[in-house]
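Asks: To start, I am sharing the structure in question, which I have written as structure tokens.
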Amino acid sequence: MSKDQHVTYRPDGNWQVKGEGNTKATAVTTTQKEAIKIARDIAINQGSEVVIHRVNGQIRDKNSYGEDPYPPKG
């Protein structure tokens, strides 16, 4: 089962990529752009989703790289 990759802000001022349910970060970067690229590469490889968060923790964007149903449900 593939894990969604979350890009979140850290208290130390860096950005991290963390697989859903993991306790440790997969990668830590100084910029959000860099973290998004790493998360995207992982998600493409695993066929999962990237969830990008703002500094305050709100979800900013989601991108799916898995088997999306077509046409979309709902």
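Labels for the structure tokens follow display order: chains A, B, ..., residues from 1 in each chain, ligands from 1.
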Give me, as a list in words, all polymer residues having an atom no more than 12 Å from Asn22 (chain A), counting only C-alpha atoms and skipping those fewer than 4 positions away in the same chain.
Replies: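 Returned residues: Lys3, Asp4, Gln5, His6, Gln16, Val17, Lys18, Thr26 and Ala27 of chain A.
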Asks: Would you save the residues from that selection as an mmCIF file, in the first residue's frame, using N, CA and C atoms?
Replies:
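Written file, result-v2.cif:
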data_model
loop_
_atom_site.group_PDB
_atom_site.id
_atom_site.type_symbol
_atom_site.label_atom_id
_atom_site.label_comp_id
_atom_site.auth_asym_id
_atom_site.auth_seq_id
_atom_site.Cartn_x
_atom_site.Cartn_y
_atom_site.Cartn_z
ATOM 1 N N LYS A 3 1.883 5.220 0.519
ATOM 2 C CA LYS A 3 1.585 6.252 1.508
ATOM 3 C C LYS A 3 1.573 7.611 0.841
ATOM 4 N N ASP A 4 0.584 8.426 1.198
ATOM 5 C CA ASP A 4 0.577 9.801 0.721
ATOM 6 C C ASP A 4 1.772 10.525 1.315
ATOM 7 N N GLN A 5 2.349 11.436 0.541
ATOM 8 C CA GLN A 5 3.516 12.193 0.980
ATOM 9 C C GLN A 5 3.069 13.606 1.370
ATOM 10 N N HIS A 6 3.384 13.999 2.596
ATOM 11 C CA HIS A 6 2.991 15.311 3.103
ATOM 12 C C HIS A 6 4.211 16.226 3.154
ATOM 13 N N GLN A 16 9.731 19.630 5.419
ATOM 14 C CA GLN A 16 9.978 18.197 5.434
ATOM 15 C C GLN A 16 9.003 17.458 4.547
ATOM 16 N N VAL A 17 9.442 16.306 4.084
ATOM 17 C CA VAL A 17 8.597 15.361 3.367
ATOM 18 C C VAL A 17 8.417 14.183 4.301
ATOM 19 N N LYS A 18 7.159 13.835 4.558
ATOM 20 C CA LYS A 18 6.880 12.772 5.507
ATOM 21 C C LYS A 18 5.789 11.865 4.941
ATOM 22 N N THR A 26 11.123 11.784 5.732
ATOM 23 C CA THR A 26 11.876 11.134 4.665
ATOM 24 C C THR A 26 12.990 12.052 4.198
ATOM 25 N N ALA A 27 12.682 13.365 4.131
ATOM 26 C CA ALA A 27 13.662 14.364 3.692
ATOM 27 C C ALA A 27 13.366 15.693 4.376
#
Asks: Excluding Glu49 (chain A) and any residue of its chain fewer than 4 positions from it, enumerate the residues within 9 Å of it, using only C-alpha atoms, and give them as a compact mmCIF listing (two decimals) with C-alpha atoms, in the first residue's frame.
Replies:
# COMPACT_ATOMS: atom_id res chain seq x y z
CA SER A 2 1.41 3.39 -0.96
CA LYS A 3 1.58 6.25 1.51
CA ASP A 4 0.58 9.80 0.72
CA GLN A 5 3.52 12.19 0.98
CA HIS A 6 2.99 15.31 3.10
CA ALA A 39 7.59 14.39 -2.50
CA ARG A 40 6.44 14.38 -6.14
CA ALA A 43 4.57 9.82 -5.09
CA ILE A 44 5.12 9.09 -8.79
CA LYS A 62 -3.10 18.06 -3.39
CA ASN A 63 -1.75 16.23 -6.42
CA SER A 64 -2.49 12.61 -7.19
CA TYR A 65 -0.05 10.38 -9.06
CA GLY A 66 -1.90 7.11 -8.58
Asks: Could you pull out all residues of chain A with a DSSP call of strand (DSSP E) and give them as a count of residues only?
Replies: 24
Asks: So, with only C-alpha atoms as the atoms that count, which of A:Gly19, A:Val55, A:Arg60, A:Pro11 lies closest to Ile42 (chain A)?
Replies: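 Of A:Gly19, A:Val55, A:Arg60, A:Pro11, the one nearest Ile42 (chain A) is A:Gly19, counting only C-alpha atoms.
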Asks: Can you work out the spacing between CA of Asn14 (chain A) and CA of Ser48 (chain A) in Å, to one decimal?
Replies: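 Distance reported for this atom pair: 23.4 Å.
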Asks: When DSSP is applied to the backbone of this structure, which of chain A are assigned alpha helix (DSSP H)? Write them out as a list of chain:residue names.
Replies: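 Answer for chain A, restricted to alpha helix (DSSP H): A:Gln32, A:Lys33, A:Glu34, A:Ala35, A:Ile36, A:Lys37, A:Ile38, A:Ala39, A:Arg40, A:Asp41, A:Ile42, A:Ala43, A:Ile44, A:Asn45, A:Gln46.
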Asks: Would you please work out which residue, of A:Glu20, A:Glu34, A:Asp61, A:Glu67, is nearest to Gly47 (chain A) when using only C-alpha atoms?
Replies: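 Selected residue with least distance to Gly47 (chain A): A:Glu67.
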Asks: What's around Arg54 (chain A) at 12 Å? Count only C-alpha atoms, leave out sequence neighbours fewer than 2 positions away in its own chain, and write the answer as a VMD selection string.
Replies: chain A and resid 6 to 10 15 to 16 32 to 33 36 51 to 52 56 to 62
